[in-house]
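Structure below is upload04.cif: mmCIF, C-alpha atoms.
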data_target
#
loop_
_atom_site.label_atom_id
_atom_site.label_comp_id
_atom_site.auth_asym_id
_atom_site.auth_seq_id
_atom_site.Cartn_x
_atom_site.Cartn_y
_atom_site.Cartn_z
CA MET A 1 -109.98 -21.99 82.20
CA PRO A 2 -111.08 -24.97 84.31
CA SER A 3 -108.27 -26.46 86.33
CA TYR A 4 -108.33 -29.89 84.70
CA LEU A 5 -107.87 -28.35 81.22
CA PHE A 6 -104.92 -26.34 82.53
CA TRP A 7 -103.24 -29.46 83.90
CA LEU A 8 -104.08 -31.46 80.75
CA PHE A 9 -102.46 -28.91 78.42
CA SER A 10 -99.52 -28.42 80.81
CA THR A 11 -98.90 -32.16 80.89
CA VAL A 12 -99.03 -32.40 77.09
CA MET A 13 -96.61 -29.48 76.85
CA LEU A 14 -94.13 -30.81 79.42
CA ILE A 15 -94.18 -34.37 78.07
CA GLY A 16 -93.54 -32.96 74.61
CA GLY A 17 -90.66 -30.92 76.01
CA VAL A 18 -89.05 -33.85 77.81
CA SER A 19 -89.31 -36.10 74.77
CA VAL A 20 -87.47 -33.48 72.66
CA ILE A 21 -84.40 -34.23 74.75
CA ALA A 22 -85.07 -37.96 75.18
CA PHE A 23 -85.46 -39.01 71.53
CA ARG A 24 -82.34 -39.96 69.56
CA ASN A 25 -83.87 -39.37 66.14
CA PRO A 26 -84.05 -35.64 65.18
CA VAL A 27 -87.35 -36.15 63.33
CA SER A 28 -88.96 -37.54 66.50
CA SER A 29 -87.59 -34.56 68.41
CA ALA A 30 -89.09 -32.14 65.89
CA LEU A 31 -92.50 -33.83 66.18
CA SER A 32 -92.22 -33.65 69.98
CA VAL A 33 -91.66 -29.89 69.69
CA VAL A 34 -94.88 -29.75 67.67
CA THR A 35 -96.73 -31.59 70.47
CA CYS A 36 -95.24 -29.22 73.02
CA PHE A 37 -96.35 -26.17 71.07
CA VAL A 38 -99.88 -27.51 70.60
CA GLY A 39 -100.18 -27.83 74.39
CA LEU A 40 -98.76 -24.33 74.77
CA ALA A 41 -101.31 -22.94 72.31
CA GLY A 42 -104.04 -24.56 74.43
CA LEU A 43 -102.70 -22.72 77.47
CA PHE A 44 -102.66 -19.42 75.54
CA ILE A 45 -106.29 -19.88 74.50
CA GLY A 46 -107.20 -20.72 78.10
CA LEU A 47 -105.68 -17.38 79.09
CA SER A 48 -108.10 -15.63 76.64
CA ALA A 49 -105.18 -14.82 74.31
CA PHE A 50 -106.88 -16.26 71.24
CA PHE A 51 -104.78 -14.42 68.68
CA VAL A 52 -101.48 -15.48 70.25
CA GLY A 53 -102.71 -19.08 70.48
CA VAL A 54 -103.62 -19.19 66.80
CA ILE A 55 -100.33 -17.51 65.84
CA GLN A 56 -98.46 -20.07 67.93
CA ILE A 57 -100.04 -22.89 65.90
CA LEU A 58 -99.70 -21.17 62.51
CA VAL A 59 -96.19 -19.75 62.83
CA TYR A 60 -94.44 -22.22 65.12
CA THR A 61 -95.96 -25.60 64.34
CA GLY A 62 -96.96 -24.66 60.80
CA ALA A 63 -93.93 -22.79 59.50
CA VAL A 64 -90.96 -23.04 61.85
CA MET A 65 -91.12 -26.76 62.61
CA VAL A 66 -91.73 -27.62 58.94
CA LEU A 67 -88.59 -25.60 58.20
CA PHE A 68 -86.72 -27.70 60.78
CA LEU A 69 -88.02 -30.90 59.18
CA PHE A 70 -86.89 -29.72 55.73
CA ILE A 71 -83.40 -29.00 57.04
CA ILE A 72 -83.22 -32.42 58.74
CA MET A 73 -84.24 -34.00 55.44
CA LEU A 74 -81.73 -31.88 53.51
CA LEU A 75 -78.82 -32.82 55.76
CA ASP A 76 -79.78 -36.53 55.74
CA LEU A 77 -78.79 -37.05 59.37
CA LYS A 78 -78.21 -40.37 61.01
CA ASP A 79 -79.33 -41.14 64.56
CA GLU A 80 -76.87 -40.42 67.31
CA GLU A 81 -75.55 -43.82 68.28
CA LYS A 82 -72.62 -42.84 70.45
CA ALA A 83 -73.01 -44.70 73.74
CA ALA A 84 -70.04 -43.43 75.70
CA LYS A 85 -70.74 -39.84 76.67
CA PRO A 86 -68.46 -37.87 78.97
CA LEU A 87 -70.01 -37.86 82.41
CA LEU A 88 -68.84 -34.41 83.52
CA PRO A 89 -70.94 -32.27 81.10
CA ILE A 90 -74.04 -34.31 81.89
CA ALA A 91 -73.56 -33.87 85.62
CA ALA A 92 -72.87 -30.18 85.14
CA GLY A 93 -76.02 -29.78 83.05
CA ILE A 94 -78.21 -31.57 85.55
CA ALA A 95 -76.71 -29.54 88.41
CA LEU A 96 -77.39 -26.30 86.50
CA VAL A 97 -81.02 -27.22 85.87
CA ALA A 98 -81.50 -28.38 89.48
CA ALA A 99 -80.10 -25.08 90.78
CA PHE A 100 -82.50 -23.22 88.50
CA MET A 101 -85.45 -25.28 89.75
CA VAL A 102 -84.57 -24.70 93.42
CA GLN A 103 -84.38 -20.98 92.75
CA LEU A 104 -87.72 -21.02 90.92
CA ILE A 105 -89.53 -22.89 93.68
CA GLY A 106 -87.98 -20.62 96.29
CA ILE A 107 -89.26 -17.53 94.50
CA LEU A 108 -92.70 -18.95 93.75
CA SER A 109 -93.27 -19.99 97.37
CA ARG A 110 -92.84 -16.35 98.43
CA THR A 111 -94.83 -14.76 95.60
CA PRO A 112 -98.38 -13.83 96.59
CA ASN A 113 -100.81 -15.92 94.60
CA VAL A 114 -103.17 -14.08 92.28
CA ILE A 115 -106.52 -15.23 90.91
CA ALA A 116 -107.34 -14.17 87.36
CA PRO A 117 -109.75 -11.22 87.18
CA THR A 118 -113.04 -12.35 85.71
CA LEU A 119 -113.94 -11.37 82.17
CA ASP A 120 -117.72 -11.73 82.46
CA LYS A 121 -120.41 -9.72 80.72
CA GLU A 122 -120.51 -6.88 83.28
CA ALA A 123 -116.74 -6.33 83.26
CA LEU A 124 -116.57 -6.37 79.47
CA SER A 125 -119.57 -4.05 79.07
CA ALA A 126 -117.99 -1.62 81.53
CA ALA A 127 -114.78 -1.62 79.45
CA ALA A 128 -116.73 -0.69 76.30
CA SER A 129 -117.10 2.94 77.43
CA GLY A 130 -113.40 3.54 76.69
CA PHE A 131 -113.93 3.06 72.95
CA PRO A 132 -116.07 4.96 70.39
CA ALA A 133 -119.65 3.75 70.76
CA THR A 134 -120.12 2.63 67.15
CA SER A 135 -116.75 0.84 66.83
CA LYS A 136 -116.53 -2.92 66.40
CA ILE A 137 -114.61 -3.24 69.69
CA ALA A 138 -117.33 -1.44 71.67
CA THR A 139 -120.23 -3.36 70.11
CA THR A 140 -118.53 -6.72 70.70
CA LEU A 141 -117.69 -5.77 74.28
CA THR A 142 -121.30 -4.81 75.05
CA GLN A 143 -122.36 -8.24 73.77
CA GLY A 144 -120.13 -9.71 76.50
CA LYS A 145 -117.45 -11.14 74.19
CA LEU A 146 -113.74 -10.30 74.21
CA PRO A 147 -112.73 -8.89 70.78
CA ASP A 148 -109.17 -10.15 71.17
CA VAL A 149 -108.02 -9.73 67.57
CA HIS A 150 -109.52 -6.25 67.25
CA LEU A 151 -107.90 -5.11 70.48
CA ILE A 152 -104.51 -6.47 69.40
CA GLY A 153 -104.84 -4.79 66.02
CA HIS A 154 -105.84 -1.53 67.71
CA THR A 155 -102.83 -1.64 70.04
CA LEU A 156 -100.47 -2.75 67.29
CA PHE A 157 -101.32 0.06 64.90
CA THR A 158 -101.54 2.86 67.47
CA ASP A 159 -99.06 2.37 70.33
CA TYR A 160 -96.68 0.00 68.54
CA ASN A 161 -96.66 1.34 65.00
CA LEU A 162 -92.94 2.22 64.82
CA PRO A 163 -91.76 -1.17 66.21
CA LEU A 164 -94.03 -2.85 63.66
CA GLN A 165 -92.33 -0.97 60.79
CA ILE A 166 -88.88 -1.82 62.18
CA LEU A 167 -89.98 -5.47 62.38
CA GLY A 168 -90.81 -5.38 58.68
CA VAL A 169 -87.28 -4.16 57.92
CA LEU A 170 -85.87 -6.91 60.17
CA LEU A 171 -87.77 -9.60 58.26
CA LEU A 172 -86.50 -8.17 54.96
CA VAL A 173 -82.91 -8.20 56.24
CA ALA A 174 -83.33 -11.77 57.48
CA THR A 175 -84.67 -12.89 54.09
CA VAL A 176 -81.77 -11.28 52.22
CA GLY A 177 -79.31 -12.71 54.76
CA VAL A 178 -80.63 -16.24 54.32
CA VAL A 179 -80.37 -15.99 50.54
CA VAL A 180 -76.77 -14.75 50.80
CA LEU A 181 -75.83 -17.41 53.36
CA SER A 182 -77.27 -20.33 51.44
CA LYS A 183 -75.75 -19.32 48.10
CA ARG A 184 -72.81 -21.52 47.22
CA GLN A 185 -69.57 -19.60 47.34
CA ALA A 186 -67.92 -19.35 43.92
CA ASP A 187 -64.45 -20.86 43.93
CA MET B 188 -109.12 -21.99 88.39
CA ALA B 189 -105.39 -22.06 87.73
CA THR B 190 -103.57 -19.28 89.55
CA LEU B 191 -100.68 -17.12 88.39
CA ASN B 192 -98.15 -19.22 90.29
CA ASP B 193 -99.31 -22.36 88.46
CA TYR B 194 -98.60 -20.71 85.12
CA LEU B 195 -95.24 -19.41 86.30
CA LEU B 196 -94.28 -22.86 87.60
CA VAL B 197 -95.22 -24.60 84.33
CA SER B 198 -93.39 -21.95 82.32
CA GLY B 199 -90.31 -22.31 84.53
CA LEU B 200 -90.39 -26.08 84.05
CA LEU B 201 -90.53 -25.64 80.27
CA PHE B 202 -87.59 -23.22 80.45
CA ALA B 203 -85.64 -25.73 82.56
CA ILE B 204 -86.34 -28.48 79.99
CA GLY B 205 -85.07 -26.22 77.21
CA LEU B 206 -81.97 -25.32 79.24
CA ALA B 207 -81.27 -29.00 79.93
CA GLY B 208 -81.57 -29.75 76.22
CA VAL B 209 -79.15 -26.98 75.27
CA VAL B 210 -76.57 -28.23 77.78
CA LEU B 211 -76.99 -31.99 77.31
CA ARG B 212 -77.58 -32.60 73.61
CA ARG B 213 -74.77 -32.65 71.07
CA ASN B 214 -76.82 -32.33 67.87
CA ILE B 215 -76.88 -28.65 66.94
CA ILE B 216 -80.38 -28.85 65.39
CA ILE B 217 -81.82 -30.19 68.64
CA VAL B 218 -79.96 -27.49 70.58
CA PHE B 219 -81.69 -25.00 68.30
CA MET B 220 -85.12 -26.57 68.96
CA CYS B 221 -84.50 -26.32 72.69
CA LEU B 222 -83.74 -22.61 72.25
CA GLU B 223 -87.22 -22.30 70.74
CA LEU B 224 -88.67 -24.06 73.81
CA MET B 225 -86.99 -21.51 76.08
CA LEU B 226 -88.38 -18.61 74.01
CA SER B 227 -91.86 -20.15 74.23
CA ALA B 228 -91.56 -20.49 78.00
CA ALA B 229 -90.89 -16.75 78.17
CA ASN B 230 -93.95 -16.19 75.96
CA LEU B 231 -96.13 -18.19 78.36
CA THR B 232 -94.94 -16.03 81.25
CA LEU B 233 -95.74 -12.85 79.31
CA VAL B 234 -99.24 -14.00 78.35
CA ALA B 235 -99.96 -15.10 81.93
CA PHE B 236 -98.89 -11.71 83.29
CA SER B 237 -100.97 -10.01 80.60
CA ARG B 238 -104.08 -11.94 81.69
CA PHE B 239 -103.58 -11.56 85.43
CA HIS B 240 -102.72 -7.86 85.36
CA VAL B 241 -105.81 -5.75 84.77
CA SER B 242 -105.21 -2.55 82.84
CA PRO B 243 -107.25 0.52 83.94
CA ASN B 244 -110.15 -0.22 81.56
CA GLY B 245 -110.74 -3.70 82.98
CA LEU B 246 -109.41 -5.67 80.00
CA PRO B 247 -106.25 -7.84 79.95
CA ASP B 248 -103.05 -5.83 79.61
CA TYR B 249 -102.36 -6.05 75.88
CA ASN B 250 -98.84 -4.65 76.13
CA GLY B 251 -97.66 -8.11 77.22
CA GLN B 252 -99.26 -9.77 74.22
CA MET B 253 -97.63 -7.19 71.94
CA LEU B 254 -94.24 -8.29 73.27
CA VAL B 255 -95.21 -11.93 72.60
CA PHE B 256 -96.15 -10.99 69.03
CA PHE B 257 -92.76 -9.35 68.49
CA VAL B 258 -90.91 -12.26 70.13
CA ILE B 259 -92.64 -14.78 67.85
CA THR B 260 -91.80 -12.75 64.74
CA VAL B 261 -88.16 -12.24 65.69
CA ALA B 262 -87.89 -15.93 66.60
CA ALA B 263 -89.17 -16.88 63.15
CA ALA B 264 -86.50 -14.69 61.52
CA GLU B 265 -83.88 -16.11 63.89
CA VAL B 266 -84.83 -19.68 62.96
CA ALA B 267 -84.48 -18.91 59.25
CA VAL B 268 -81.02 -17.37 59.65
CA GLY B 269 -79.87 -20.01 62.14
CA LEU B 270 -80.87 -22.91 59.93
CA ALA B 271 -79.11 -21.27 56.97
CA ILE B 272 -75.97 -21.05 59.12
CA ILE B 273 -76.34 -24.73 60.08
CA VAL B 274 -76.63 -25.73 56.41
CA ALA B 275 -73.54 -23.66 55.57
CA LEU B 276 -71.71 -25.27 58.49
CA TYR B 277 -72.65 -28.74 57.29
CA ARG B 278 -71.36 -27.94 53.81
CA ALA B 279 -68.06 -26.72 55.22
CA ARG B 280 -67.44 -29.39 57.87
CA GLN B 281 -69.75 -32.35 57.05
CA THR B 282 -70.86 -32.49 60.69
CA ILE B 283 -73.40 -30.88 63.00
CA HIS B 284 -72.17 -32.42 66.26
CA THR B 285 -70.92 -29.78 68.64
CA ASP B 286 -68.17 -32.11 69.91
CA GLU B 287 -66.50 -32.17 66.51
CA LEU B 288 -66.55 -28.39 66.00
CA THR B 289 -63.38 -27.47 67.85
CA SER B 290 -61.71 -24.81 65.69
CA LEU B 291 -62.34 -22.12 68.32
CA LYS B 292 -60.96 -24.26 71.13
CA GLY B 293 -57.86 -22.77 72.75
#
Would you kindly transcribe this structure into structure tokens?
Amino acid sequence: MPSYLFWLFSTVMLIGGVSVIAFRNPVSSALSVVTCFVGLAGLFIGLSAFFVGVIQILVYTGAVMVLFLFIIMLLDLKDEEKAAKPLLPIAAGIALVAAFMVQLIGILSRTPNVIAPTLDKEALSAAASGFPATSKIATTLTQGKLPDVHLIGHTLFTDYNLPLQILGVLLLVATVGVVVLSKRQAD
Amino acid sequence: MATLNDYLLVSGLLFAIGLAGVVLRRNIIIVFMCLELMLSAANLTLVAFSRFHVSPNGLPDYNGQMLVFFVITVAAAEVAVGLAIIVALYRARQTIHTDELTSLKG
């Protein structure tokens, strides 16, 4: 990804993130999270992770944040208008975050910097030999394109088949749990 | 070209923003949104490592993106259960401000 696109999407993401905390109104915060996740999806697509980028948009901004908005509507919240906040928790929070940032910069300044390996036509065609010659993955790779979704599907249903089944059970349990939780208790 | 350290720095900043939100805000719904931001920062790190680490066949390492897929799915389930708990809490206490929820305070 060109550098200016990286910084553009990063800025969108970080501004969205900061405004989540800054806004008083929960609806504005929820829309800021949407902005943040759109920037994040741009970064994913710039990293050639097309499937994850699309899933980020569909699942997070499409489903999860709409769920948040429904709950905010359901609870009928008022804006926070308390002016006098205790100073100690705020100072403690800022100190915690500053300590984290110092640690992060300290680690990153010692990490060797890596350039992304190129995914050009030669590299992709060379990778095609690892797959059956007539498969969709191999034919797309020899054309010089990255068959991201096919590769993810291939990995998901071969190496990660058991976790995928367990995930299905988890989603079922979560659905049943939500129904039980949101049922009004009989007196 | 953006390097790996650029991605890690941006992801760390996003995590720090989420952490600050969890510590500073008093509205439990916004605390929950900031948890999502922290999960997404971890996802960005995983995808960046997946792209910058070449697996033996020359393609990006798809094991990292598998973990992102599972994190996103579990996060969706977590949001559903968490919001149901928040609604139940609001019904019981008529508040979602963490300052007013003190029944576990010693």
Using all atoms listed in the file, which residues sit within 7 Å of region 217-226 of chain B once same-chain residues fewer than 4 positions away are excluded, as JSON, numbers by chain? {"A": [26], "B": [201, 202, 205, 208, 209, 212, 230]}
Chain B residues within 6 Å of chain A, counting only C-alpha atoms: which ones, as an MDAnalysis selection string? chainID B and resid 188:191 203 208 210:211 239 244:245 264 268 271
Dump as a compact mmCIF listing (two decimals), in the frame of the given file, selection limited to C-alpha atoms:
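Final output, saved to selection17.txt:
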# COMPACT_ATOMS: atom_id res chain seq x y z
CA MET B 188 -109.12 -21.99 88.39
CA ALA B 189 -105.39 -22.06 87.73
CA THR B 190 -103.57 -19.28 89.55
CA LEU B 191 -100.68 -17.12 88.39
CA ALA B 203 -85.64 -25.73 82.56
CA GLY B 208 -81.57 -29.75 76.22
CA VAL B 210 -76.57 -28.23 77.78
CA LEU B 211 -76.99 -31.99 77.31
CA PHE B 239 -103.58 -11.56 85.43
CA ASN B 244 -110.15 -0.22 81.56
CA GLY B 245 -110.74 -3.70 82.98
CA ALA B 264 -86.50 -14.69 61.52
CA VAL B 268 -81.02 -17.37 59.65
CA ALA B 271 -79.11 -21.27 56.97
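The coordinates place CA of Asp286 (chain B) at 6.7 Å from CA of Arg213 (chain B).
Here CA of Ala228 (chain B) and CA of Leu206 (chain B) stand 10.8 Å from one another.
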Distance of CA of Leu254 (chain B) from CA of Asp120 (chain A), expressed in Å to one decimal place: 25.4 Å
Which residues would end up in the selection if the PyMOL selection byres ((chain B and resi 235) around 8) were applied here, given that I need the answer as JSON, numbers by chain? {"A": [47], "B": [191, 194, 195, 231, 232, 233, 234, 236, 237, 238, 239]}
Run the PyMOL selection byres ((chain B and resi 277) around 12) on the file and write out the hits as a compact mmCIF listing (two decimals) with C-alpha atoms, keeping the file's coordinate frame.
# COMPACT_ATOMS: atom_id res chain seq x y z
CA ILE A 71 -83.40 -29.00 57.04
CA ILE A 72 -83.22 -32.42 58.74
CA LEU A 74 -81.73 -31.88 53.51
CA LEU A 75 -78.82 -32.82 55.76
CA ASP A 76 -79.78 -36.53 55.74
CA LEU A 77 -78.79 -37.05 59.37
CA SER A 182 -77.27 -20.33 51.44
CA ASN B 214 -76.82 -32.33 67.87
CA ILE B 215 -76.88 -28.65 66.94
CA ILE B 216 -80.38 -28.85 65.39
CA LEU B 270 -80.87 -22.91 59.93
CA ALA B 271 -79.11 -21.27 56.97
CA ILE B 272 -75.97 -21.05 59.12
CA ILE B 273 -76.34 -24.73 60.08
CA VAL B 274 -76.63 -25.73 56.41
CA ALA B 275 -73.54 -23.66 55.57
CA LEU B 276 -71.71 -25.27 58.49
CA ARG B 278 -71.36 -27.94 53.81
CA ALA B 279 -68.06 -26.72 55.22
CA ARG B 280 -67.44 -29.39 57.87
CA GLN B 281 -69.75 -32.35 57.05
CA THR B 282 -70.86 -32.49 60.69
CA ILE B 283 -73.40 -30.88 63.00
CA HIS B 284 -72.17 -32.42 66.26
CA THR B 285 -70.92 -29.78 68.64
CA GLU B 287 -66.50 -32.17 66.51
CA LEU B 288 -66.55 -28.39 66.00
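Shortest atom-to-atom contact with Leu8 (chain A) among A:Leu88, A:Gln103, A:Gly42, A:Thr35: A:Gly42, counting all atoms listed in the file.
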